[in-house]
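Undergrad: File follows, input-v6.txt with compact mmCIF, C-alpha atoms (C1' of nucleotides):
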```txt
# COMPACT_ATOMS: atom_id res chain seq x y z
CA MET A 1 -0.58 21.63 -27.00
CA ARG A 2 1.53 18.56 -26.41
CA ILE A 3 1.31 16.18 -23.50
CA GLY A 4 4.03 17.76 -21.39
CA GLU A 5 2.42 21.15 -21.58
CA LEU A 6 -0.98 19.74 -20.67
CA ALA A 7 0.68 17.91 -17.79
CA THR A 8 2.17 21.05 -16.28
CA ALA A 9 -1.05 22.96 -16.91
CA THR A 10 -3.17 20.44 -15.05
CA GLY A 11 -0.84 18.91 -12.50
CA ALA A 12 -1.39 15.47 -13.95
CA SER A 13 1.64 13.45 -15.03
CA ALA A 14 2.04 12.52 -18.67
CA ARG A 15 1.55 8.95 -17.57
CA SER A 16 -1.79 9.86 -16.04
CA LEU A 17 -2.89 11.65 -19.19
CA ARG A 18 -2.13 8.60 -21.27
CA TYR A 19 -4.03 6.55 -18.74
CA TYR A 20 -7.03 8.88 -18.95
CA GLU A 21 -6.98 8.49 -22.70
CA GLU A 22 -6.71 4.73 -22.39
CA GLN A 23 -9.78 4.83 -20.15
CA GLY A 24 -11.64 6.90 -22.70
CA LEU A 25 -11.81 10.01 -20.53
CA ILE A 26 -9.99 12.25 -22.97
CA THR A 27 -9.03 12.08 -26.62
CA SER A 28 -6.15 13.53 -28.57
CA ARG A 29 -5.37 14.41 -32.10
CA ARG A 30 -2.19 12.70 -33.28
CA SER A 31 0.46 14.35 -35.39
CA ALA A 32 1.93 12.45 -38.30
CA SER A 33 4.65 11.12 -36.04
CA GLY A 34 2.14 9.91 -33.47
CA GLN A 35 2.54 12.62 -30.89
CA ARG A 36 -0.55 13.68 -28.99
CA HIS A 37 -1.92 17.17 -29.41
CA TYR A 38 -4.66 18.68 -27.31
CA PRO A 39 -6.92 21.69 -27.65
CA GLU A 40 -7.02 24.32 -24.92
CA ALA A 41 -10.28 22.88 -23.67
CA ALA A 42 -8.43 19.77 -22.57
CA VAL A 43 -7.07 21.68 -19.58
CA GLY A 44 -10.52 22.20 -18.09
CA ARG A 45 -11.56 18.70 -18.90
CA VAL A 46 -8.55 17.15 -17.22
CA ARG A 47 -9.06 19.34 -14.17
CA LEU A 48 -12.64 18.17 -13.96
CA ILE A 49 -11.53 14.57 -14.29
CA ARG A 50 -9.03 15.03 -11.49
CA SER A 51 -11.54 16.58 -9.15
CA LEU A 52 -14.01 13.80 -9.85
CA LEU A 53 -11.28 11.23 -9.20
CA ALA A 54 -10.43 13.03 -5.97
CA ALA A 55 -14.10 12.92 -5.06
CA GLY A 56 -13.93 9.16 -5.24
CA LEU A 57 -15.49 8.52 -8.63
CA SER A 58 -13.79 5.69 -10.49
CA SER A 59 -12.51 6.25 -13.99
CA ALA A 60 -15.25 3.92 -15.21
CA THR A 61 -17.92 6.06 -13.57
CA ILE A 62 -16.36 9.20 -14.96
CA HIS A 63 -16.32 7.58 -18.33
CA ASP A 64 -20.06 7.04 -17.96
CA VAL A 65 -20.95 10.55 -16.87
CA LEU A 66 -18.35 12.70 -18.60
CA PRO A 67 -19.85 12.59 -22.08
CA CYS A 68 -23.03 13.76 -20.39
CA ILE A 69 -21.12 16.70 -19.01
CA ALA A 70 -19.20 17.43 -22.15
CA ASP A 71 -21.77 16.81 -24.80
CA GLU A 72 -25.37 17.85 -24.32
CA SER A 73 -26.56 15.58 -27.07
CA ILE A 74 -25.80 12.42 -25.11
CA ARG A 75 -27.69 13.41 -22.00
CA THR A 76 -30.24 10.81 -21.03
CA PRO A 77 -32.45 10.20 -18.01
CA ALA A 78 -30.29 7.25 -17.03
CA LEU A 79 -27.18 9.41 -17.01
CA GLU A 80 -29.00 12.08 -15.05
CA ALA A 81 -29.93 9.46 -12.46
CA ARG A 82 -26.32 8.37 -12.35
CA LEU A 83 -25.17 11.91 -11.80
CA ARG A 84 -27.71 12.39 -9.02
CA ALA A 85 -26.56 9.18 -7.39
CA GLU A 86 -22.95 10.33 -7.47
CA LEU A 87 -23.97 13.70 -6.11
CA ALA A 88 -25.75 11.99 -3.24
CA ARG A 89 -22.71 9.83 -2.60
CA ILE A 90 -20.47 12.87 -2.44
CA ASP A 91 -22.91 14.59 -0.09
CA GLY A 92 -22.79 11.57 2.19
CA GLN A 93 -19.03 11.58 2.00
CA ILE A 94 -18.94 15.24 2.97
CA ARG A 95 -21.24 14.61 5.91
CA GLU A 96 -19.08 11.77 7.15
CA LEU A 97 -15.96 13.85 6.71
CA ARG A 98 -17.52 16.63 8.76
CA ARG A 99 -18.35 14.24 11.56
CA THR A 100 -14.79 12.95 11.55
CA ARG A 101 -13.54 16.51 11.36
CA ASP A 102 -15.63 17.47 14.39
CA THR A 103 -14.42 14.45 16.32
CA LEU A 104 -10.87 15.48 15.64
CA ALA A 105 -11.60 19.10 16.52
CA GLU A 106 -13.06 18.00 19.85
CA VAL A 107 -9.99 15.98 20.59
CA ILE A 108 -7.82 18.99 19.96
CA ALA A 109 -10.05 21.24 22.05
CA ASP A 110 -9.91 18.80 24.97
CA TYR A 111 -6.23 18.69 24.47
CA ARG A 112 -5.63 22.16 25.83
CA VAL A 113 -7.47 21.43 29.09
CA MET B 1 -16.09 -10.18 23.03
CA ARG B 2 -14.52 -12.27 20.29
CA ILE B 3 -13.45 -11.08 16.88
CA GLY B 4 -16.63 -12.06 15.07
CA GLU B 5 -18.79 -10.12 17.45
CA LEU B 6 -16.59 -7.05 17.23
CA ALA B 7 -16.72 -7.36 13.46
CA THR B 8 -20.51 -7.32 13.29
CA ALA B 9 -20.65 -4.55 15.88
CA THR B 10 -18.35 -2.29 13.89
CA GLY B 11 -18.89 -3.28 10.29
CA ALA B 12 -15.24 -4.18 9.92
CA SER B 13 -14.34 -7.66 8.72
CA ALA B 14 -12.39 -9.99 10.99
CA ARG B 15 -9.59 -9.65 8.47
CA SER B 16 -9.61 -5.90 8.91
CA LEU B 17 -9.54 -6.19 12.69
CA ARG B 18 -6.48 -8.43 12.52
CA TYR B 19 -4.95 -5.96 10.13
CA TYR B 20 -5.63 -3.09 12.52
CA GLU B 21 -3.96 -5.06 15.27
CA GLU B 22 -1.01 -5.84 13.01
CA GLN B 23 -0.69 -2.10 12.38
CA GLY B 24 -0.77 -1.40 16.10
CA LEU B 25 -4.12 0.40 16.02
CA ILE B 26 -5.87 -1.94 18.43
CA THR B 27 -4.79 -4.59 20.91
CA SER B 28 -6.47 -7.72 22.16
CA ARG B 29 -6.28 -9.98 25.15
CA ARG B 30 -5.68 -13.58 24.13
CA SER B 31 -7.39 -16.59 25.66
CA ALA B 32 -5.30 -19.63 26.54
CA SER B 33 -6.03 -21.07 23.11
CA GLY B 34 -4.91 -17.89 21.38
CA GLN B 35 -8.28 -16.45 20.51
CA ARG B 36 -8.64 -12.67 20.62
CA HIS B 37 -10.93 -11.07 23.17
CA TYR B 38 -11.87 -7.42 23.23
CA PRO B 39 -13.41 -5.09 25.82
CA GLU B 40 -16.58 -3.18 24.99
CA ALA B 41 -14.52 -0.03 24.46
CA ALA B 42 -13.00 -1.64 21.37
CA VAL B 43 -16.22 -0.96 19.47
CA GLY B 44 -15.84 2.80 19.74
CA ARG B 45 -12.17 2.65 19.00
CA VAL B 46 -12.65 0.61 15.85
CA ARG B 47 -15.41 2.95 14.71
CA LEU B 48 -13.07 5.88 15.19
CA ILE B 49 -10.34 4.10 13.27
CA ARG B 50 -12.70 3.44 10.41
CA SER B 51 -13.87 7.01 10.18
CA LEU B 52 -10.30 8.25 10.21
CA LEU B 53 -9.43 5.78 7.47
CA ALA B 54 -12.44 6.97 5.51
CA ALA B 55 -11.23 10.53 6.00
CA GLY B 56 -8.04 9.59 4.22
CA LEU B 57 -5.66 9.13 7.13
CA SER B 58 -3.28 6.24 6.60
CA SER B 59 -3.02 3.52 9.21
CA ALA B 60 0.47 4.81 9.99
CA THR B 61 -0.87 8.28 10.70
CA ILE B 62 -3.66 6.87 12.82
CA HIS B 63 -1.08 4.86 14.68
CA ASP B 64 0.70 8.11 15.44
CA VAL B 65 -2.31 10.09 16.62
CA LEU B 66 -4.56 7.44 18.15
CA PRO B 67 -2.62 6.99 21.40
CA CYS B 68 -2.96 10.75 21.76
CA ILE B 69 -6.69 10.40 21.43
CA ALA B 70 -7.00 7.36 23.64
CA ASP B 71 -4.54 8.16 26.34
CA GLU B 72 -4.19 11.65 27.72
CA SER B 73 -0.82 10.89 29.23
CA ILE B 74 0.86 10.57 25.85
CA ARG B 75 -0.34 13.89 24.49
CA THR B 76 2.52 16.05 23.34
CA PRO B 77 2.85 19.29 21.39
CA ALA B 78 4.18 17.37 18.41
CA LEU B 79 1.11 15.16 18.36
CA GLU B 80 -1.15 18.15 18.75
CA ALA B 81 0.51 19.72 15.73
CA ARG B 82 0.03 16.49 13.86
CA LEU B 83 -3.64 16.46 14.75
CA ARG B 84 -4.05 20.05 13.65
CA ALA B 85 -2.33 19.27 10.37
CA GLU B 86 -4.69 16.37 9.75
CA LEU B 87 -7.65 18.54 10.67
CA ALA B 88 -6.51 21.13 8.15
CA ARG B 89 -6.07 18.43 5.55
CA ILE B 90 -9.59 17.18 6.11
CA ASP B 91 -10.93 20.72 5.91
CA GLY B 92 -9.21 21.15 2.57
CA GLN B 93 -10.59 17.86 1.43
CA ILE B 94 -14.10 18.95 2.39
CA ARG B 95 -13.69 22.21 0.52
CA GLU B 96 -12.53 20.42 -2.60
CA LEU B 97 -15.37 17.96 -2.33
CA ARG B 98 -17.85 20.80 -2.07
CA ARG B 99 -16.47 22.41 -5.19
CA THR B 100 -16.75 19.14 -7.04
CA ARG B 101 -20.21 18.66 -5.60
CA ASP B 102 -21.25 22.10 -6.82
CA THR B 103 -19.82 21.45 -10.26
CA LEU B 104 -21.85 18.28 -10.45
CA ALA B 105 -24.94 20.02 -9.14
CA GLU B 106 -24.60 22.68 -11.82
CA VAL B 107 -24.34 20.05 -14.48
CA ILE B 108 -27.54 18.48 -13.25
CA ALA B 109 -29.29 21.84 -13.06
CA ASP B 110 -28.28 22.68 -16.62
CA TYR B 111 -29.45 19.28 -17.57
CA ARG B 112 -33.14 20.07 -17.18
CA VAL B 113 -32.94 23.08 -19.49
C1' DC C 1 24.10 18.39 -38.21
C1' DT C 2 23.93 17.24 -33.57
C1' DA C 3 22.87 17.20 -28.69
C1' DG C 4 19.44 16.93 -25.62
C1' DA C 5 14.78 17.36 -24.38
C1' DA C 6 10.36 15.50 -25.13
C1' DC C 7 7.66 11.92 -26.90
C1' DC C 8 6.19 6.99 -28.10
C1' DT C 9 4.69 1.96 -26.69
C1' DG C 10 4.80 -1.83 -23.70
C1' DA C 11 5.49 -3.91 -19.61
C1' DC C 12 6.39 -4.59 -14.95
C1' DA C 13 6.33 -2.41 -10.04
C1' DT C 14 4.03 -0.04 -6.32
C1' DT C 15 0.82 1.16 -2.58
C1' DG C 16 -2.79 0.30 1.05
C1' DA C 17 -6.46 -1.82 2.87
C1' DC C 18 -8.19 -5.37 2.54
C1' DG C 19 -10.24 -10.48 0.27
C1' DT C 20 -9.48 -15.21 0.05
C1' DC C 21 -7.74 -19.72 0.62
C1' DA C 22 -5.35 -23.48 3.05
C1' DA C 23 -4.67 -26.27 6.93
C1' DG C 24 -5.54 -26.69 11.24
C1' DG C 25 -7.29 -25.95 16.43
C1' DG C 26 -11.22 -24.66 19.72
C1' DC C 27 -15.79 -24.87 21.60
C1' DA C 28 -20.99 -25.28 22.51
C1' DA C 29 -25.08 -28.17 21.54
C1' DG C 30 -27.18 -32.52 20.92
C1' DC D 1 -18.23 -37.93 20.40
C1' DT D 2 -19.48 -35.46 16.58
C1' DT D 3 -21.28 -31.80 13.87
C1' DG D 4 -20.69 -27.25 12.62
C1' DC D 5 -19.29 -22.83 13.37
C1' DC D 6 -15.77 -19.75 14.94
C1' DC D 7 -11.08 -18.95 15.48
C1' DT D 8 -5.79 -19.15 14.35
C1' DT D 9 -1.53 -18.00 11.22
C1' DG D 10 0.53 -17.44 6.77
C1' DA D 11 0.60 -16.51 2.26
C1' DC D 12 -0.90 -15.00 -1.96
C1' DG D 13 -4.48 -12.23 -4.74
C1' DT D 14 -6.90 -7.82 -5.84
C1' DC D 15 -7.85 -3.23 -7.44
C1' DA D 16 -7.03 1.45 -9.25
C1' DA D 17 -4.27 5.05 -10.37
C1' DT D 18 0.42 5.87 -11.12
C1' DG D 19 5.46 5.25 -11.05
C1' DT D 20 9.23 3.59 -13.56
C1' DC D 21 12.18 1.53 -16.86
C1' DA D 22 13.61 0.05 -21.47
C1' DG D 23 14.40 0.85 -26.09
C1' DG D 24 13.34 3.54 -29.69
C1' DT D 25 11.60 7.94 -32.36
C1' DT D 26 10.91 12.94 -32.92
C1' DC D 27 11.33 17.68 -32.19
C1' DT D 28 14.01 21.92 -31.19
C1' DA D 29 17.92 24.97 -30.34
C1' DG D 30 22.36 26.13 -31.52
```
Turn this file's structure into structure tokens for me.

TA:
Amino acid sequence: MRIGELATATGASARSLRYYEEQGLITSRRSASGQRHYPEAAVGRVRLIRSLLAAGLSSATIHDVLPCIADESIRTPALEARLRAELARIDGQIRELRRTRDTLAEVIADYRV
Amino acid sequence: MRIGELATATGASARSLRYYEEQGLITSRRSASGQRHYPEAAVGRVRLIRSLLAAGLSSATIHDVLPCIADESIRTPALEARLRAELARIDGQIRELRRTRDTLAEVIADYRV
DNA sequence: CTAGAACCTGACATTGACGTCAAGGGCAAG
DNA sequence: CTTGCCCTTGACGTCAATGTCAGGTTCTAG
């Protein structure tokens, strides 16, 4: 699977995929001519990366926790704590979003009256 | 209320408050010497602005919908549609966050085993 | 073989919500 | 009056994820 195919499969641009690799979030096997080739599993990994990015994790944070997700052998208590912290952060973010959502919904409800 | 007081009351920096004003999100009465003064109501308004920003609305979007929120006389069907669209966007964002959250939670659960 | 699509690296540009710094004016307390 | 803090405008810096462009190489279809 070359980069263009992975791009269309994941919704990430080729530029983004190279960036993810540069940040150590994904790896690629190179053909003799230097072109990147990916295994099927890269699709799921990139999708996970994108959802974590969308959840507000930085690429550095993802770099820290992704090996923990991908490779059981690297799982450590410190990484578990990190994951829990990020989970808590996302939970807080969801709560705040819901409050904002409700504020907006109230505005709209009042709107009709 | 001067800018420093509003800043500590809302958690926004003075820089941010000037930025919000520059973007047309808030207004201020100026003293003879040019210093900004705000009414008490500015606190709530700035808090609302911040939560909308945190929810991913751009300052331009907030500029569009905030008068609708603040001033009933400007409410129009177009603005209501805009509000509904933003509400839907936030709902989608919450759903995606929950999926990511659950993915992360699963990882942590698997972690113990 | 050849055209065109896809890929490569490297570098600069962009965006939005700010931070920060400079150079100065305003204001209350002692 | 002065000390020190708060305020002003204006301009440039930052950060992170991507866009974009240039100049060149490689793959694929006909």

Undergrad: Residues of chain D that approach chain B to 10 Å or less, counting all atoms listed in the file: could you list each one with the shortest pair of atoms and its distance in Å to one decimal, rows by chain and increasing residue number, as a tab-separated table?

TA:
```
residue	atom	partner	partner_atom	distance
D:DC6	C1'	B:Gly4	CA	7.7
D:DC7	C1'	B:Gln35	CA	6.3
D:DT8	C1'	B:Gln35	CA	7.2
```

Undergrad: Given the selection you just returned, output its residues as a file containing C-alpha atoms (C1' of nucleotides), formatted as a compact mmCIF listing (two decimals), in the coordinates of the input.

TA:
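Output file out_17.txt is given in full below:
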```txt
# COMPACT_ATOMS: atom_id res chain seq x y z
C1' DC D 6 -15.77 -19.75 14.94
C1' DC D 7 -11.08 -18.95 15.48
C1' DT D 8 -5.79 -19.15 14.35
```

Undergrad: Determine, counting all atoms listed in the file, which protein, DNA and RNA residues have an atom within 10 Å of an atom of Leu17 in chain A; residues of the same chain fewer than 5 positions away are not included. Present the result as a list in words.

TA: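 Returned residues: Ile3, Gly4, Leu6, Ala7, Thr10, Ala12, Glu22, Gln23, Leu25, Ile26, Thr27 and Val46 of chain A.
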
Undergrad: Over every C-alpha pair, in sequence order, do a least-squares fit of chain B onto chain A and save the fitted chain as a PDB file with C-alpha atoms, keeping the file's coordinate frame.

TA:
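Contents of superposed_21.pdb, freshly written:
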```pdb
ATOM      1  CA  MET B   1      -0.570  21.605 -27.053  1.00  0.00           C
ATOM      2  CA  ARG B   2       1.558  18.533 -26.442  1.00  0.00           C
ATOM      3  CA  ILE B   3       1.322  16.173 -23.516  1.00  0.00           C
ATOM      4  CA  GLY B   4       4.030  17.808 -21.431  1.00  0.00           C
ATOM      5  CA  GLU B   5       2.385  21.177 -21.621  1.00  0.00           C
ATOM      6  CA  LEU B   6      -1.010  19.773 -20.718  1.00  0.00           C
ATOM      7  CA  ALA B   7       0.626  17.976 -17.816  1.00  0.00           C
ATOM      8  CA  THR B   8       2.128  21.126 -16.326  1.00  0.00           C
ATOM      9  CA  ALA B   9      -1.084  23.035 -16.988  1.00  0.00           C
ATOM     10  CA  THR B  10      -3.208  20.525 -15.105  1.00  0.00           C
ATOM     11  CA  GLY B  11      -0.893  19.034 -12.526  1.00  0.00           C
ATOM     12  CA  ALA B  12      -1.419  15.577 -13.956  1.00  0.00           C
ATOM     13  CA  SER B  13       1.615  13.570 -15.018  1.00  0.00           C
ATOM     14  CA  ALA B  14       2.044  12.587 -18.656  1.00  0.00           C
ATOM     15  CA  ARG B  15       1.546   9.032 -17.464  1.00  0.00           C
ATOM     16  CA  SER B  16      -1.794   9.968 -15.974  1.00  0.00           C
ATOM     17  CA  LEU B  17      -2.898  11.708 -19.157  1.00  0.00           C
ATOM     18  CA  ARG B  18      -2.123   8.600 -21.194  1.00  0.00           C
ATOM     19  CA  TYR B  19      -3.986   6.589 -18.617  1.00  0.00           C
ATOM     20  CA  TYR B  20      -7.003   8.878 -18.881  1.00  0.00           C
ATOM     21  CA  GLU B  21      -6.939   8.436 -22.627  1.00  0.00           C
ATOM     22  CA  GLU B  22      -6.632   4.671 -22.244  1.00  0.00           C
ATOM     23  CA  GLN B  23      -9.722   4.791 -20.024  1.00  0.00           C
ATOM     24  CA  GLY B  24     -11.590   6.815 -22.622  1.00  0.00           C
ATOM     25  CA  LEU B  25     -11.790   9.964 -20.498  1.00  0.00           C
ATOM     26  CA  ILE B  26      -9.959  12.197 -22.950  1.00  0.00           C
ATOM     27  CA  THR B  27      -8.992  11.997 -26.605  1.00  0.00           C
ATOM     28  CA  SER B  28      -6.109  13.453 -28.542  1.00  0.00           C
ATOM     29  CA  ARG B  29      -5.306  14.334 -32.101  1.00  0.00           C
ATOM     30  CA  ARG B  30      -2.116  12.648 -33.259  1.00  0.00           C
ATOM     31  CA  SER B  31       0.578  14.289 -35.351  1.00  0.00           C
ATOM     32  CA  ALA B  32       2.045  12.372 -38.276  1.00  0.00           C
ATOM     33  CA  SER B  33       4.758  11.040 -35.987  1.00  0.00           C
ATOM     34  CA  GLY B  34       2.219   9.835 -33.445  1.00  0.00           C
ATOM     35  CA  GLN B  35       2.610  12.547 -30.860  1.00  0.00           C
ATOM     36  CA  ARG B  36      -0.508  13.616 -28.971  1.00  0.00           C
ATOM     37  CA  HIS B  37      -1.872  17.116 -29.417  1.00  0.00           C
ATOM     38  CA  TYR B  38      -4.635  18.630 -27.348  1.00  0.00           C
ATOM     39  CA  PRO B  39      -6.927  21.647 -27.733  1.00  0.00           C
ATOM     40  CA  GLU B  40      -7.028  24.296 -25.020  1.00  0.00           C
ATOM     41  CA  ALA B  41     -10.328  22.874 -23.781  1.00  0.00           C
ATOM     42  CA  ALA B  42      -8.467  19.763 -22.639  1.00  0.00           C
ATOM     43  CA  VAL B  43      -7.126  21.699 -19.656  1.00  0.00           C
ATOM     44  CA  GLY B  44     -10.571  22.213 -18.166  1.00  0.00           C
ATOM     45  CA  ARG B  45     -11.614  18.699 -18.941  1.00  0.00           C
ATOM     46  CA  VAL B  46      -8.586  17.180 -17.256  1.00  0.00           C
ATOM     47  CA  ARG B  47      -9.104  19.408 -14.230  1.00  0.00           C
ATOM     48  CA  LEU B  48     -12.679  18.202 -14.004  1.00  0.00           C
ATOM     49  CA  ILE B  49     -11.554  14.603 -14.304  1.00  0.00           C
ATOM     50  CA  ARG B  50      -9.071  15.085 -11.513  1.00  0.00           C
ATOM     51  CA  SER B  51     -11.575  16.637  -9.171  1.00  0.00           C
ATOM     52  CA  LEU B  52     -14.033  13.847  -9.846  1.00  0.00           C
ATOM     53  CA  LEU B  53     -11.308  11.299  -9.174  1.00  0.00           C
ATOM     54  CA  ALA B  54     -10.462  13.122  -5.968  1.00  0.00           C
ATOM     55  CA  ALA B  55     -14.137  13.001  -5.043  1.00  0.00           C
ATOM     56  CA  GLY B  56     -13.956   9.237  -5.206  1.00  0.00           C
ATOM     57  CA  LEU B  57     -15.511   8.552  -8.591  1.00  0.00           C
ATOM     58  CA  SER B  58     -13.791   5.725 -10.420  1.00  0.00           C
ATOM     59  CA  SER B  59     -12.490   6.273 -13.925  1.00  0.00           C
ATOM     60  CA  ALA B  60     -15.222   3.928 -15.145  1.00  0.00           C
ATOM     61  CA  THR B  61     -17.904   6.067 -13.542  1.00  0.00           C
ATOM     62  CA  ILE B  62     -16.359   9.217 -14.941  1.00  0.00           C
ATOM     63  CA  HIS B  63     -16.304   7.557 -18.317  1.00  0.00           C
ATOM     64  CA  ASP B  64     -20.032   7.024 -17.960  1.00  0.00           C
ATOM     65  CA  VAL B  65     -20.959  10.536 -16.873  1.00  0.00           C
ATOM     66  CA  LEU B  66     -18.361  12.704 -18.598  1.00  0.00           C
ATOM     67  CA  PRO B  67     -19.872  12.563 -22.095  1.00  0.00           C
ATOM     68  CA  CYS B  68     -23.068  13.734 -20.423  1.00  0.00           C
ATOM     69  CA  ILE B  69     -21.201  16.681 -19.017  1.00  0.00           C
ATOM     70  CA  ALA B  70     -19.265  17.458 -22.159  1.00  0.00           C
ATOM     71  CA  ASP B  71     -21.851  16.839 -24.788  1.00  0.00           C
ATOM     72  CA  GLU B  72     -25.443  17.873 -24.305  1.00  0.00           C
ATOM     73  CA  SER B  73     -26.638  15.603 -27.068  1.00  0.00           C
ATOM     74  CA  ILE B  74     -25.836  12.455 -25.119  1.00  0.00           C
ATOM     75  CA  ARG B  75     -27.720  13.432 -21.987  1.00  0.00           C
ATOM     76  CA  THR B  76     -30.271  10.839 -21.020  1.00  0.00           C
ATOM     77  CA  PRO B  77     -32.476  10.210 -17.995  1.00  0.00           C
ATOM     78  CA  ALA B  78     -30.315   7.256 -17.025  1.00  0.00           C
ATOM     79  CA  LEU B  79     -27.219   9.430 -16.985  1.00  0.00           C
ATOM     80  CA  GLU B  80     -29.022  12.105 -15.038  1.00  0.00           C
ATOM     81  CA  ALA B  81     -29.948   9.506 -12.444  1.00  0.00           C
ATOM     82  CA  ARG B  82     -26.355   8.391 -12.363  1.00  0.00           C
ATOM     83  CA  LEU B  83     -25.211  11.945 -11.796  1.00  0.00           C
ATOM     84  CA  ARG B  84     -27.724  12.428  -9.018  1.00  0.00           C
ATOM     85  CA  ALA B  85     -26.580   9.209  -7.388  1.00  0.00           C
ATOM     86  CA  GLU B  86     -22.974  10.370  -7.481  1.00  0.00           C
ATOM     87  CA  LEU B  87     -23.991  13.747  -6.111  1.00  0.00           C
ATOM     88  CA  ALA B  88     -25.758  12.026  -3.235  1.00  0.00           C
ATOM     89  CA  ARG B  89     -22.719   9.870  -2.636  1.00  0.00           C
ATOM     90  CA  ILE B  90     -20.479  12.906  -2.455  1.00  0.00           C
ATOM     91  CA  ASP B  91     -22.902  14.613  -0.092  1.00  0.00           C
ATOM     92  CA  GLY B  92     -22.768  11.591   2.178  1.00  0.00           C
ATOM     93  CA  GLN B  93     -19.029  11.589   1.964  1.00  0.00           C
ATOM     94  CA  ILE B  94     -18.926  15.252   2.967  1.00  0.00           C
ATOM     95  CA  ARG B  95     -21.208  14.597   5.910  1.00  0.00           C
ATOM     96  CA  GLU B  96     -19.042  11.744   7.115  1.00  0.00           C
ATOM     97  CA  LEU B  97     -15.935  13.832   6.696  1.00  0.00           C
ATOM     98  CA  ARG B  98     -17.478  16.603   8.751  1.00  0.00           C
ATOM     99  CA  ARG B  99     -18.294  14.200  11.542  1.00  0.00           C
ATOM    100  CA  THR B 100     -14.752  12.918  11.517  1.00  0.00           C
ATOM    101  CA  ARG B 101     -13.500  16.478  11.352  1.00  0.00           C
ATOM    102  CA  ASP B 102     -15.597  17.410  14.374  1.00  0.00           C
ATOM    103  CA  THR B 103     -14.395  14.384  16.298  1.00  0.00           C
ATOM    104  CA  LEU B 104     -10.838  15.424  15.613  1.00  0.00           C
ATOM    105  CA  ALA B 105     -11.575  19.023  16.507  1.00  0.00           C
ATOM    106  CA  GLU B 106     -13.034  17.918  19.827  1.00  0.00           C
ATOM    107  CA  VAL B 107      -9.963  15.898  20.571  1.00  0.00           C
ATOM    108  CA  ILE B 108      -7.810  18.931  19.948  1.00  0.00           C
ATOM    109  CA  ALA B 109     -10.057  21.143  22.057  1.00  0.00           C
ATOM    110  CA  ASP B 110      -9.919  18.695  24.953  1.00  0.00           C
ATOM    111  CA  TYR B 111      -6.234  18.587  24.459  1.00  0.00           C
ATOM    112  CA  ARG B 112      -5.606  22.067  25.834  1.00  0.00           C
ATOM    113  CA  VAL B 113      -7.438  21.328  29.079  1.00  0.00           C
TER     114      VAL B 113
END
```

Undergrad: Quick one, how far is CA of Ile108 in chain A from CA of Tyr38 in chain B?

TA: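 That distance, rounded to one decimal, is 26.9 Å.
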
Undergrad: I need the residue nearest chain B from this list: C:DA3, C:DC27, C:DA11, C:DA22. Use only C-alpha atoms (C1' of nucleotides) for the distance.

TA: C:DC27

Undergrad: Starting from chain B, keep only residues with some atom at most 10 Å from an atom of chain A, counting only C-alpha atoms, and report them as a short mmCIF file (atom, residue, chain, number, x, y, z; two decimals) with C-alpha atoms, keeping the file's coordinate frame.

TA:
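What follows is the written file selection-v1.cif:
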```
data_model
loop_
_atom_site.label_atom_id
_atom_site.label_comp_id
_atom_site.auth_asym_id
_atom_site.auth_seq_id
_atom_site.Cartn_x
_atom_site.Cartn_y
_atom_site.Cartn_z
CA LEU B 48 -13.07 5.88 15.19
CA ARG B 50 -12.70 3.44 10.41
CA SER B 51 -13.87 7.01 10.18
CA LEU B 52 -10.30 8.25 10.21
CA LEU B 53 -9.43 5.78 7.47
CA ALA B 54 -12.44 6.97 5.51
CA ALA B 55 -11.23 10.53 6.00
CA GLY B 56 -8.04 9.59 4.22
CA CYS B 68 -2.96 10.75 21.76
CA ILE B 69 -6.69 10.40 21.43
CA ALA B 70 -7.00 7.36 23.64
CA GLU B 72 -4.19 11.65 27.72
CA ARG B 75 -0.34 13.89 24.49
CA THR B 76 2.52 16.05 23.34
CA PRO B 77 2.85 19.29 21.39
CA LEU B 79 1.11 15.16 18.36
CA GLU B 80 -1.15 18.15 18.75
CA ALA B 81 0.51 19.72 15.73
CA LEU B 83 -3.64 16.46 14.75
CA ARG B 84 -4.05 20.05 13.65
CA GLU B 86 -4.69 16.37 9.75
CA LEU B 87 -7.65 18.54 10.67
CA ALA B 88 -6.51 21.13 8.15
CA ARG B 89 -6.07 18.43 5.55
CA ILE B 90 -9.59 17.18 6.11
CA ASP B 91 -10.93 20.72 5.91
CA GLN B 93 -10.59 17.86 1.43
CA ILE B 94 -14.10 18.95 2.39
CA ARG B 95 -13.69 22.21 0.52
CA GLU B 96 -12.53 20.42 -2.60
CA LEU B 97 -15.37 17.96 -2.33
CA ARG B 98 -17.85 20.80 -2.07
CA ARG B 99 -16.47 22.41 -5.19
CA THR B 100 -16.75 19.14 -7.04
CA ARG B 101 -20.21 18.66 -5.60
CA ASP B 102 -21.25 22.10 -6.82
CA THR B 103 -19.82 21.45 -10.26
CA LEU B 104 -21.85 18.28 -10.45
CA ALA B 105 -24.94 20.02 -9.14
CA GLU B 106 -24.60 22.68 -11.82
CA VAL B 107 -24.34 20.05 -14.48
CA ILE B 108 -27.54 18.48 -13.25
CA ALA B 109 -29.29 21.84 -13.06
CA ASP B 110 -28.28 22.68 -16.62
CA TYR B 111 -29.45 19.28 -17.57
CA ARG B 112 -33.14 20.07 -17.18
#
```

Undergrad: Counting all atoms listed in the file, which residues of chain C come no farther than 8 Å from chain B, as a ChimeraX atom specification?

TA: /C:17-18,26
